[in-house]
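Novice: Hey, dropping protein13.pdb in here, PDB, C-alpha atoms and all ligand atoms:
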ATOM      1  CA  MET A   1      54.966   6.272  17.685
ATOM      2  CA  THR A   2      52.007   8.449  16.710
ATOM      3  CA  ASN A   3      48.620   7.843  18.330
ATOM      4  CA  PRO A   4      46.281   7.310  15.363
ATOM      5  CA  THR A   5      42.767   8.828  15.313
ATOM      6  CA  SER A   6      39.967   8.045  12.836
ATOM      7  CA  ALA A   7      41.229  10.973  10.726
ATOM      8  CA  THR A   8      44.792   9.656  10.512
ATOM      9  CA  PRO A   9      45.700   8.438   7.002
ATOM     10  CA  LEU A  10      46.523   4.744   6.878
ATOM     11  CA  LEU A  11      49.248   5.203   4.307
ATOM     12  CA  SER A  12      51.073   8.334   3.146
ATOM     13  CA  ALA A  13      53.644   8.996   0.463
ATOM     14  CA  ARG A  14      55.962  11.888   1.238
ATOM     15  CA  HIS A  15      58.068  13.367  -1.571
ATOM     16  CA  LEU A  16      58.716   9.995  -3.194
ATOM     17  CA  THR A  17      61.207   9.889  -6.014
ATOM     18  CA  CYS A  18      61.946   6.734  -7.983
ATOM     19  CA  ILE A  19      64.792   6.437 -10.458
ATOM     20  CA  ARG A  20      65.307   3.320 -12.579
ATOM     21  CA  GLU A  21      68.100   2.894 -15.110
ATOM     22  CA  GLU A  22      68.856   6.641 -14.807
ATOM     23  CA  ARG A  23      65.255   7.544 -15.644
ATOM     24  CA  ILE A  24      63.127   9.482 -13.175
ATOM     25  CA  LEU A  25      59.831   7.586 -13.063
ATOM     26  CA  PHE A  26      58.238   9.906 -10.515
ATOM     27  CA  ASP A  27      59.504  12.774  -8.472
ATOM     28  CA  GLU A  28      58.289  14.408  -5.240
ATOM     29  CA  LEU A  29      55.118  12.297  -5.231
ATOM     30  CA  SER A  30      53.016  12.907  -2.109
ATOM     31  CA  PHE A  31      49.532  11.715  -1.191
ATOM     32  CA  ASP A  32      47.497  10.361   1.712
ATOM     33  CA  ILE A  33      45.288   7.279   1.651
ATOM     34  CA  GLY A  34      42.718   7.039   4.392
ATOM     35  CA  PRO A  35      40.168   4.491   5.600
ATOM     36  CA  GLY A  36      37.557   3.974   2.868
ATOM     37  CA  ASP A  37      39.786   5.128   0.000
ATOM     38  CA  ILE A  38      40.188   3.161  -3.222
ATOM     39  CA  VAL A  39      43.112   4.513  -5.220
ATOM     40  CA  GLN A  40      43.946   3.406  -8.728
ATOM     41  CA  ILE A  41      47.489   4.031  -9.939
ATOM     42  CA  GLU A  42      47.306   4.733 -13.660
ATOM     43  CA  GLY A  43      49.889   5.112 -16.387
ATOM     44  CA  PRO A  44      51.309   3.498 -19.502
ATOM     45  CA  ASN A  45      53.531   0.407 -19.474
ATOM     46  CA  GLY A  46      56.807   1.172 -17.804
ATOM     47  CA  SER A  47      55.592   4.355 -16.108
ATOM     48  CA  GLY A  48      56.409   3.002 -12.650
ATOM     49  CA  LYS A  49      53.145   1.661 -11.236
ATOM     50  CA  THR A  50      54.622  -1.589  -9.928
ATOM     51  CA  SER A  51      57.682   0.300  -8.712
ATOM     52  CA  LEU A  52      55.411   2.633  -6.733
ATOM     53  CA  LEU A  53      53.377  -0.227  -5.234
ATOM     54  CA  ARG A  54      56.544  -2.035  -4.162
ATOM     55  CA  ILE A  55      57.845   1.121  -2.512
ATOM     56  CA  LEU A  56      54.486   1.670  -0.746
ATOM     57  CA  ALA A  57      54.584  -1.939   0.486
ATOM     58  CA  GLY A  58      58.130  -1.509   1.784
ATOM     59  CA  LEU A  59      59.492  -4.106  -0.647
ATOM     60  CA  SER A  60      61.874  -1.653  -2.260
ATOM     61  CA  ARG A  61      63.322   1.677  -1.211
ATOM     62  CA  PRO A  62      62.669   4.966  -2.987
ATOM     63  CA  TYR A  63      65.557   7.091  -4.252
ATOM     64  CA  ALA A  64      64.178   9.802  -1.945
ATOM     65  CA  GLY A  65      61.160  10.307   0.268
ATOM     66  CA  ASP A  66      59.276   8.252   2.824
ATOM     67  CA  VAL A  67      56.253   6.046   3.225
ATOM     68  CA  LEU A  68      54.270   6.493   6.431
ATOM     69  CA  TYR A  69      51.929   4.050   8.120
ATOM     70  CA  GLN A  70      49.547   6.025  10.318
ATOM     71  CA  GLN A  71      52.124   8.869  10.316
ATOM     72  CA  ASP A  72      55.054   6.647  11.317
ATOM     73  CA  ASN A  73      57.774   5.730   8.863
ATOM     74  CA  ILE A  74      57.174   2.153   7.660
ATOM     75  CA  VAL A  75      60.810   1.349   8.367
ATOM     76  CA  GLU A  76      60.272   2.050  12.063
ATOM     77  CA  ALA A  77      56.685   0.721  12.200
ATOM     78  CA  ARG A  78      57.558  -2.364  10.132
ATOM     79  CA  ASP A  79      55.926  -5.057  12.306
ATOM     80  CA  ALA A  80      52.644  -3.205  12.796
ATOM     81  CA  PHE A  81      52.614  -2.195   9.117
ATOM     82  CA  ASN A  82      53.260  -5.723   7.848
ATOM     83  CA  ALA A  83      50.500  -7.069  10.093
ATOM     84  CA  ASP A  84      48.061  -4.589   8.507
ATOM     85  CA  LEU A  85      49.210  -5.051   4.883
ATOM     86  CA  LEU A  86      48.061  -7.451   2.217
ATOM     87  CA  TYR A  87      50.298  -7.167  -0.855
ATOM     88  CA  PHE A  88      49.246  -8.948  -4.016
ATOM     89  CA  GLY A  89      52.020  -8.794  -6.590
ATOM     90  CA  HIS A  90      52.522  -9.901 -10.185
ATOM     91  CA  LEU A  91      53.621 -13.373  -9.123
ATOM     92  CA  PRO A  92      51.268 -14.058  -6.282
ATOM     93  CA  GLY A  93      52.718 -17.211  -4.735
ATOM     94  CA  VAL A  94      50.685 -20.091  -6.156
ATOM     95  CA  LYS A  95      52.651 -23.310  -6.415
ATOM     96  CA  SER A  96      51.757 -25.403  -9.465
ATOM     97  CA  GLU A  97      52.288 -28.751  -7.759
ATOM     98  CA  LEU A  98      49.942 -27.956  -4.846
ATOM     99  CA  THR A  99      46.170 -28.135  -5.178
ATOM    100  CA  ALA A 100      44.042 -24.992  -5.055
ATOM    101  CA  GLU A 101      43.056 -25.903  -1.508
ATOM    102  CA  GLU A 102      46.634 -26.583  -0.385
ATOM    103  CA  ASN A 103      47.795 -23.289  -1.881
ATOM    104  CA  LEU A 104      45.119 -21.307  -0.064
ATOM    105  CA  ASP A 105      45.733 -23.170   3.183
ATOM    106  CA  PHE A 106      49.473 -22.474   2.919
ATOM    107  CA  ASN A 107      49.048 -18.800   1.995
ATOM    108  CA  LEU A 108      46.665 -18.152   4.875
ATOM    109  CA  LYS A 109      48.737 -20.040   7.431
ATOM    110  CA  ILE A 110      51.961 -18.186   6.573
ATOM    111  CA  SER A 111      49.978 -14.975   7.053
ATOM    112  CA  GLY A 112      49.113 -16.165  10.559
ATOM    113  CA  TYR A 113      45.464 -17.142  10.056
ATOM    114  CA  SER A 114      43.820 -20.222  11.542
ATOM    115  CA  GLY A 115      40.319 -21.617  11.829
ATOM    116  CA  PHE A 116      39.360 -20.762   8.247
ATOM    117  CA  ASN A 117      37.312 -22.908   5.902
ATOM    118  CA  THR A 118      39.251 -23.277   2.636
ATOM    119  CA  ARG A 119      36.350 -24.923   0.764
ATOM    120  CA  GLU A 120      34.000 -22.115   1.673
ATOM    121  CA  ILE A 121      36.518 -19.464   0.599
ATOM    122  CA  LEU A 122      37.261 -21.252  -2.678
ATOM    123  CA  GLY A 123      33.492 -21.375  -3.267
ATOM    124  CA  LYS A 124      33.411 -17.582  -3.025
ATOM    125  CA  VAL A 125      35.908 -17.304  -5.879
ATOM    126  CA  ASN A 126      33.980 -19.868  -7.947
ATOM    127  CA  LEU A 127      36.442 -22.706  -7.545
ATOM    128  CA  THR A 128      33.985 -25.238  -6.150
ATOM    129  CA  GLY A 129      34.820 -28.565  -7.771
ATOM    130  CA  PHE A 130      38.441 -27.531  -8.386
ATOM    131  CA  GLU A 131      39.657 -27.672  -4.779
ATOM    132  CA  GLU A 132      41.738 -30.781  -5.364
ATOM    133  CA  ALA A 133      43.068 -29.853  -8.786
ATOM    134  CA  PRO A 134      46.799 -29.102  -8.911
ATOM    135  CA  ALA A 135      47.139 -25.371  -9.552
ATOM    136  CA  GLY A 136      49.317 -26.201 -12.556
ATOM    137  CA  HIS A 137      46.273 -27.819 -14.205
ATOM    138  CA  LEU A 138      43.990 -24.830 -13.663
ATOM    139  CA  SER A 139      43.204 -22.210 -16.303
ATOM    140  CA  ALA A 140      44.989 -18.844 -16.054
ATOM    141  CA  GLY A 141      41.891 -17.244 -14.541
ATOM    142  CA  GLN A 142      41.351 -20.092 -12.060
ATOM    143  CA  HIS A 143      45.007 -19.892 -11.101
ATOM    144  CA  ARG A 144      44.569 -16.168 -10.443
ATOM    145  CA  ARG A 145      41.403 -16.813  -8.433
ATOM    146  CA  THR A 146      43.335 -19.282  -6.271
ATOM    147  CA  ALA A 147      45.756 -16.480  -5.463
ATOM    148  CA  LEU A 148      43.015 -13.895  -4.946
ATOM    149  CA  ALA A 149      41.062 -16.148  -2.569
ATOM    150  CA  ARG A 150      43.167 -14.882   0.341
ATOM    151  CA  LEU A 151      41.385 -11.496   0.065
ATOM    152  CA  TRP A 152      38.231 -13.215   1.267
ATOM    153  CA  ASN A 153      39.924 -14.062   4.567
ATOM    154  CA  SER A 154      41.925 -10.937   5.303
ATOM    155  CA  ASP A 155      41.766  -8.692   8.328
ATOM    156  CA  CYS A 156      44.481  -6.364   6.988
ATOM    157  CA  ARG A 157      43.248  -2.827   6.377
ATOM    158  CA  ILE A 158      45.744  -1.899   3.658
ATOM    159  CA  TRP A 159      45.392  -3.817   0.424
ATOM    160  CA  ILE A 160      47.993  -3.163  -2.274
ATOM    161  CA  LEU A 161      46.983  -5.040  -5.398
ATOM    162  CA  ASP A 162      49.092  -5.111  -8.565
ATOM    163  CA  GLU A 163      46.977  -6.060 -11.586
ATOM    164  CA  PRO A 164      44.593  -8.326  -9.657
ATOM    165  CA  PHE A 165      42.139  -8.553 -12.587
ATOM    166  CA  THR A 166      44.584 -10.132 -15.047
ATOM    167  CA  ALA A 167      42.920 -13.177 -16.671
ATOM    168  CA  ILE A 168      39.748 -12.724 -14.606
ATOM    169  CA  ASP A 169      36.422 -12.887 -16.484
ATOM    170  CA  LYS A 170      33.755 -10.157 -16.394
ATOM    171  CA  ARG A 171      31.761 -11.725 -13.595
ATOM    172  CA  GLY A 172      34.913 -12.245 -11.554
ATOM    173  CA  VAL A 173      35.924  -8.613 -12.079
ATOM    174  CA  ALA A 174      32.498  -7.448 -10.876
ATOM    175  CA  GLU A 175      32.753  -9.694  -7.798
ATOM    176  CA  LEU A 176      36.220  -8.461  -7.015
ATOM    177  CA  GLU A 177      35.143  -4.833  -7.432
ATOM    178  CA  GLN A 178      32.335  -5.482  -4.949
ATOM    179  CA  MET A 179      34.878  -7.027  -2.613
ATOM    180  CA  LEU A 180      36.995  -3.862  -2.815
ATOM    181  CA  LEU A 181      33.941  -1.694  -2.099
ATOM    182  CA  ASN A 182      33.028  -3.840   0.918
ATOM    183  CA  HIS A 183      36.585  -3.629   2.196
ATOM    184  CA  ALA A 184      36.581   0.165   1.856
ATOM    185  CA  ALA A 185      33.143   0.422   3.494
ATOM    186  CA  GLN A 186      34.540  -1.443   6.488
ATOM    187  CA  GLY A 187      37.334   1.108   6.940
ATOM    188  CA  GLY A 188      40.028  -0.537   4.829
ATOM    189  CA  CYS A 189      41.820   1.040   1.891
ATOM    190  CA  VAL A 190      42.839  -0.284  -1.507
ATOM    191  CA  ILE A 191      45.696   0.778  -3.781
ATOM    192  CA  ILE A 192      45.398  -0.935  -7.114
ATOM    193  CA  THR A 193      46.897  -0.987 -10.586
ATOM    194  CA  THR A 194      44.947  -2.224 -13.560
ATOM    195  CA  HIS A 195      44.757  -1.459 -17.255
ATOM    196  CA  GLN A 196      41.027  -2.229 -17.138
ATOM    197  CA  ASP A 197      38.256   0.333 -16.815
ATOM    198  CA  LEU A 198      36.642  -0.125 -13.439
ATOM    199  CA  SER A 199      33.080   0.613 -12.463
ATOM    200  CA  LEU A 200      34.169   2.254  -9.210
ATOM    201  CA  GLU A 201      34.114   5.803 -10.598
ATOM    202  CA  GLU A 202      30.826   6.552  -8.821
ATOM    203  CA  ASN A 203      32.369   5.793  -5.465
ATOM    204  CA  ARG A 204      32.983   8.950  -3.452
ATOM    205  CA  GLN A 205      36.334   7.779  -2.176
ATOM    206  CA  TYR A 206      37.667   6.426  -5.477
ATOM    207  CA  LYS A 207      40.689   8.402  -6.702
ATOM    208  CA  LYS A 208      43.219   8.080  -9.467
ATOM    209  CA  ILE A 209      46.900   8.880  -9.346
ATOM    210  CA  ARG A 210      48.450   9.122 -12.785
ATOM    211  CA  LEU A 211      52.110   8.437 -13.486
ATOM    212  CA  GLU A 212      53.106  10.206 -16.644
ATOM    213  CA  TYR A 213      56.584   9.031 -17.515
ATOM    214  CA  GLN A 214      57.035   9.683 -21.224
ATOM    215  CA  TYR A 215      59.422   7.666 -23.387
ATOM    216  CA  THR A 216      61.916   9.833 -25.250
TER     217      THR A 216
HETATM  218  N1  LIG B 301      64.511  -3.598 -10.136
HETATM  219  C1  LIG B 301      64.604  -2.845 -11.236
HETATM  220  N2  LIG B 301      65.803  -2.512 -11.717
HETATM  221  C2  LIG B 301      65.928  -1.754 -12.838
HETATM  222  N3  LIG B 301      64.888  -1.278 -13.526
HETATM  223  C3  LIG B 301      63.667  -1.584 -13.098
HETATM  224  C4  LIG B 301      63.451  -2.387 -11.917
HETATM  225  N4  LIG B 301      62.125  -2.511 -11.716
HETATM  226  C5  LIG B 301      61.543  -1.842 -12.717
HETATM  227  N5  LIG B 301      62.459  -1.277 -13.528
HETATM  228  C6  LIG B 301      62.196  -0.449 -14.701
HETATM  229  O1  LIG B 301      61.370   0.618 -14.276
HETATM  230  C7  LIG B 301      60.399   0.924 -15.257
HETATM  231  C8  LIG B 301      59.025   0.889 -14.610
HETATM  232  O2  LIG B 301      58.665  -0.463 -14.327
HETATM  233  P1  LIG B 301      57.304  -0.817 -13.607
HETATM  234  O3  LIG B 301      57.216  -2.302 -13.570
HETATM  235  O4  LIG B 301      57.244  -0.081 -12.335
HETATM  236  O5  LIG B 301      56.245  -0.189 -14.612
HETATM  237  P2  LIG B 301      54.653  -0.376 -14.712
HETATM  238  O6  LIG B 301      54.066   0.989 -14.843
HETATM  239  O7  LIG B 301      54.180  -1.210 -13.580
HETATM  240  O8  LIG B 301      54.521  -1.137 -16.077
HETATM  241  P3  LIG B 301      53.401  -2.156 -16.650
HETATM  242  O9  LIG B 301      52.176  -1.343 -16.954
HETATM  243  O10 LIG B 301      54.058  -2.668 -17.896
HETATM  244  O11 LIG B 301      53.189  -3.238 -15.631
HETATM  245  C9  LIG B 301      60.576  -0.077 -16.393
HETATM  246  O12 LIG B 301      61.258   0.561 -17.434
HETATM  247  C10 LIG B 301      61.402  -1.180 -15.767
HETATM  248  O13 LIG B 301      62.276  -1.756 -16.716
END
Take the structure I supplied and represent it as structure tokens, if you would.
Specialist:
Amino acid sequence: MTNPTSATPLLSARHLTCIREERILFDELSFDIGPGDIVQIEGPNGSGKTSLLRILAGLSRPYAGDVLYQQDNIVEARDAFNADLLYFGHLPGVKSELTAEENLDFNLKISGYSGFNTREILGKVNLTGFEEAPAGHLSAGQHRRTALARLWNSDCRIWILDEPFTAIDKRGVAELEQMLLNHAAQGGCVIITTHQDLSLEENRQYKKIRLEYQYT
């Protein structure tokens, strides 16, 4: 295994190619993501953003190429990589029959956390007063906030977030953006997809990667 230094990228894509239904979504895609980076994956519907995030998270395999965690292939560094990865997907594991508090408690415990204060965390995502509501009775945005609450109690450096702002109101988006900036300032990195315009453009370490698959 490589000995990481402060200059070692946290996550690297090396010559990634993804083919779906005989269509090449991206080919020979390479980039490095280091501590402090916030990277937005852009592109039209169906261009392969989710496919790329799933490959970066090790949830699916590319047609060709590799993903490296601190210069080691994620397949070989799987345990260390998984311990440093927070993946937030399209269906982010909120069970309708559990309350907001039970969902958060469950999600944090299966990620190995203990000693957290669920009420305090839910307060940070503006769910005070809704802790005991079944998630199935929450609004779409509140449901999403229940899922996102785990970001407020994460010590993973790599955050891969697929459309985290869906159904979130303006204030919530601003709070989440601030959360991403704080995470990056503390040496973490964020890889995110969203169809929303973000106000992170000013940030020195904010980058965009555009996937350009064109329908024919
Ligand atoms: N497991 C799969 N098997 C076959 N085809 C797939 C699979 N996953 C995705 N695709 C196809 O790959 C293409 C890219 O899908 P993907 O979800 O990565 O796009 P996206 O850029 O995230 O789209 P959106 O902006 O709509 O969320 C789509 O045409 C989709 O049908």
Novice: When the PyMOL selection byres (((chain A and resi 132) around 7) and not hetatm) is applied to the structure above, which residues does it catch, written out as a list in words?
Specialist: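 Selection result, ordered by chain and number: Thr99, Ala100, Glu101, Phe130, Glu131, Ala133 and Pro134 of chain A.
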Novice: Counting all atoms listed in the file, what are the residues of chain A within 7 Å of ligand LIG 301 (chain B), and for each of them which pair of atoms is the nearest and at what distance in Å, to one decimal? Sort the table by chain and rising number, as a tab-separated table.
Specialist:
residue	atom	partner	partner_atom	distance
A:Arg20	CA	B:LIG301	N3	4.7
A:Glu21	CA	B:LIG301	N3	5.5
A:Leu25	CA	B:LIG301	C8	6.9
A:Gly43	CA	B:LIG301	O6	6.1
A:Pro44	CA	B:LIG301	O9	5.5
A:Asn45	CA	B:LIG301	O9	3.4
A:Gly46	CA	B:LIG301	O5	3.5
A:Ser47	CA	B:LIG301	O6	3.9
A:Gly48	CA	B:LIG301	O4	3.2
A:Lys49	CA	B:LIG301	O6	3.8
A:Thr50	CA	B:LIG301	O7	3.7
A:Ser51	CA	B:LIG301	O4	3.7
A:Leu52	CA	B:LIG301	O4	6.5
Novice: Name the residues in contact with Ile192 (chain A) at a cut-off of 6 Å, using all atoms listed in the file, excluding same-chain residues fewer than 4 positions from it; report them as a compact mmCIF listing (two decimals) with C-alpha atoms, keeping the file's coordinate frame.
Specialist:
# COMPACT_ATOMS: atom_id res chain seq x y z
CA GLN A 40 43.95 3.41 -8.73
CA ILE A 160 47.99 -3.16 -2.27
CA LEU A 161 46.98 -5.04 -5.40
CA ASP A 162 49.09 -5.11 -8.56
Novice: Need the shell around Ile74 (chain A): protein/DNA/RNA residues with any atom at most 10 Å away, counting all atoms listed in the file. Skip same-chain ones fewer than 4 positions apart. Format as a ChimeraX atom specification?
Specialist: /A:11-12,56-58,66-70,78-82
Novice: Taking the file above as input, evaluate the PyMOL selection byres (((chain A and resi 169) around 12) and not hetatm) and report the hits as a PDB file with C-alpha atoms, in the coordinates of the input.
Specialist:
ATOM      1  CA  VAL A 125      35.908 -17.304  -5.879  1.00  0.00           C
ATOM      2  CA  ASN A 126      33.980 -19.868  -7.947  1.00  0.00           C
ATOM      3  CA  SER A 139      43.204 -22.210 -16.303  1.00  0.00           C
ATOM      4  CA  ALA A 140      44.989 -18.844 -16.054  1.00  0.00           C
ATOM      5  CA  GLY A 141      41.891 -17.244 -14.541  1.00  0.00           C
ATOM      6  CA  GLN A 142      41.351 -20.092 -12.060  1.00  0.00           C
ATOM      7  CA  ARG A 144      44.569 -16.168 -10.443  1.00  0.00           C
ATOM      8  CA  ARG A 145      41.403 -16.813  -8.433  1.00  0.00           C
ATOM      9  CA  PRO A 164      44.593  -8.326  -9.657  1.00  0.00           C
ATOM     10  CA  PHE A 165      42.139  -8.553 -12.587  1.00  0.00           C
ATOM     11  CA  THR A 166      44.584 -10.132 -15.047  1.00  0.00           C
ATOM     12  CA  ALA A 167      42.920 -13.177 -16.671  1.00  0.00           C
ATOM     13  CA  ILE A 168      39.748 -12.724 -14.606  1.00  0.00           C
ATOM     14  CA  LYS A 170      33.755 -10.157 -16.394  1.00  0.00           C
ATOM     15  CA  ARG A 171      31.761 -11.725 -13.595  1.00  0.00           C
ATOM     16  CA  GLY A 172      34.913 -12.245 -11.554  1.00  0.00           C
ATOM     17  CA  VAL A 173      35.924  -8.613 -12.079  1.00  0.00           C
ATOM     18  CA  ALA A 174      32.498  -7.448 -10.876  1.00  0.00           C
ATOM     19  CA  GLU A 175      32.753  -9.694  -7.798  1.00  0.00           C
ATOM     20  CA  LEU A 176      36.220  -8.461  -7.015  1.00  0.00           C
ATOM     21  CA  GLN A 196      41.027  -2.229 -17.138  1.00  0.00           C
TER      22      GLN A 196
END
Novice: Distance CA of Gly187 (chain A)-CA of Arg157 (chain A), one decimal place?
Specialist: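 CA of Arg157 (chain A) lies 7.1 Å from CA of Gly187 (chain A).
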Novice: Of the candidates A:Ile55, A:Ile41, A:Ile33, A:Ala135, which one gets nearest to Ile19 (chain A) if we count only C-alpha atoms?
Specialist: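 Of all the options, A:Ile55 lies closest to Ile19 (chain A).
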Novice: Got a sec to resolve the PyMOL selection byres (((chain A and resi 136) around 8) and not hetatm) on this structure and send the residues as a ChimeraX atom specification?
Specialist: /A:95-98,134-135,137-138,143
Novice: Please determine, counting all atoms listed in the file, which residue among A:Arg119, A:Arg150, A:Lys109, A:His90 has the shortest atom-to-atom distance to Thr193 (chain A).
Specialist: A:His90
Novice: Could I get region 135-197 of chain A from the block written out with C-alpha atoms, as a PDB file, in the first residue's frame?
Specialist:
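Output file decode-v4.pdb follows:
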ATOM      1  CA  ALA A 135     -40.687   9.283   7.920  1.00  0.00           C
ATOM      2  CA  GLY A 136     -43.595   8.229   5.710  1.00  0.00           C
ATOM      3  CA  HIS A 137     -45.602  11.170   7.098  1.00  0.00           C
ATOM      4  CA  LEU A 138     -42.897  13.751   6.418  1.00  0.00           C
ATOM      5  CA  SER A 139     -42.837  16.068   3.404  1.00  0.00           C
ATOM      6  CA  ALA A 140     -40.464  15.199   0.542  1.00  0.00           C
ATOM      7  CA  GLY A 141     -37.975  17.815   1.729  1.00  0.00           C
ATOM      8  CA  GLN A 142     -38.181  16.690   5.370  1.00  0.00           C
ATOM      9  CA  HIS A 143     -37.716  13.107   4.244  1.00  0.00           C
ATOM     10  CA  ARG A 144     -34.591  14.170   2.348  1.00  0.00           C
ATOM     11  CA  ARG A 145     -33.325  16.113   5.365  1.00  0.00           C
ATOM     12  CA  THR A 146     -33.727  12.981   7.494  1.00  0.00           C
ATOM     13  CA  ALA A 147     -31.419  11.199   5.072  1.00  0.00           C
ATOM     14  CA  LEU A 148     -28.972  14.101   4.844  1.00  0.00           C
ATOM     15  CA  ALA A 149     -28.697  14.427   8.633  1.00  0.00           C
ATOM     16  CA  ARG A 150     -25.960  11.780   8.650  1.00  0.00           C
ATOM     17  CA  LEU A 151     -23.600  14.309   6.992  1.00  0.00           C
ATOM     18  CA  TRP A 152     -23.660  16.277  10.229  1.00  0.00           C
ATOM     19  CA  ASN A 153     -22.097  13.338  12.070  1.00  0.00           C
ATOM     20  CA  SER A 154     -19.571  12.037   9.571  1.00  0.00           C
ATOM     21  CA  ASP A 155     -15.847  11.618   9.981  1.00  0.00           C
ATOM     22  CA  CYS A 156     -15.413  10.244   6.444  1.00  0.00           C
ATOM     23  CA  ARG A 157     -13.235  12.441   4.245  1.00  0.00           C
ATOM     24  CA  ILE A 158     -14.736  11.428   0.897  1.00  0.00           C
ATOM     25  CA  TRP A 159     -18.329  12.462   0.363  1.00  0.00           C
ATOM     26  CA  ILE A 160     -20.018  11.280  -2.835  1.00  0.00           C
ATOM     27  CA  LEU A 161     -23.441  12.875  -3.046  1.00  0.00           C
ATOM     28  CA  ASP A 162     -25.923  12.129  -5.833  1.00  0.00           C
ATOM     29  CA  GLU A 163     -28.514  14.904  -6.126  1.00  0.00           C
ATOM     30  CA  PRO A 164     -28.521  15.779  -2.414  1.00  0.00           C
ATOM     31  CA  PHE A 165     -30.507  19.002  -2.986  1.00  0.00           C
ATOM     32  CA  THR A 166     -33.586  17.325  -4.482  1.00  0.00           C
ATOM     33  CA  ALA A 167     -36.712  18.670  -2.721  1.00  0.00           C
ATOM     34  CA  ILE A 168     -34.634  20.868  -0.401  1.00  0.00           C
ATOM     35  CA  ASP A 169     -35.750  24.502  -0.001  1.00  0.00           C
ATOM     36  CA  LYS A 170     -33.509  27.530  -0.618  1.00  0.00           C
ATOM     37  CA  ARG A 171     -32.450  27.907   2.989  1.00  0.00           C
ATOM     38  CA  GLY A 172     -31.683  24.203   3.218  1.00  0.00           C
ATOM     39  CA  VAL A 173     -29.594  24.377   0.041  1.00  0.00           C
ATOM     40  CA  ALA A 174     -27.597  27.294   1.472  1.00  0.00           C
ATOM     41  CA  GLU A 175     -27.035  25.385   4.731  1.00  0.00           C
ATOM     42  CA  LEU A 176     -25.951  22.288   2.890  1.00  0.00           C
ATOM     43  CA  GLU A 177     -23.587  24.296   0.682  1.00  0.00           C
ATOM     44  CA  GLN A 178     -22.026  25.744   3.833  1.00  0.00           C
ATOM     45  CA  MET A 179     -21.714  22.225   5.188  1.00  0.00           C
ATOM     46  CA  LEU A 180     -19.832  21.175   2.042  1.00  0.00           C
ATOM     47  CA  LEU A 181     -17.509  24.183   2.347  1.00  0.00           C
ATOM     48  CA  ASN A 182     -16.807  23.369   6.006  1.00  0.00           C
ATOM     49  CA  HIS A 183     -16.102  19.759   5.110  1.00  0.00           C
ATOM     50  CA  ALA A 184     -13.670  20.816   2.374  1.00  0.00           C
ATOM     51  CA  ALA A 185     -12.006  23.363   4.679  1.00  0.00           C
ATOM     52  CA  GLN A 186     -11.346  20.552   7.141  1.00  0.00           C
ATOM     53  CA  GLY A 187      -9.501  18.504   4.511  1.00  0.00           C
ATOM     54  CA  GLY A 188     -12.403  16.459   3.164  1.00  0.00           C
ATOM     55  CA  CYS A 189     -13.534  16.318  -0.446  1.00  0.00           C
ATOM     56  CA  VAL A 190     -16.956  16.327  -2.068  1.00  0.00           C
ATOM     57  CA  ILE A 191     -18.084  14.859  -5.389  1.00  0.00           C
ATOM     58  CA  ILE A 192     -21.607  15.932  -6.144  1.00  0.00           C
ATOM     59  CA  THR A 193     -24.232  15.851  -8.866  1.00  0.00           C
ATOM     60  CA  THR A 194     -27.008  18.390  -9.009  1.00  0.00           C
ATOM     61  CA  HIS A 195     -29.053  20.105 -11.684  1.00  0.00           C
ATOM     62  CA  GLN A 196     -29.153  23.221  -9.491  1.00  0.00           C
ATOM     63  CA  ASP A 197     -26.856  26.216  -9.809  1.00  0.00           C
TER      64      ASP A 197
END
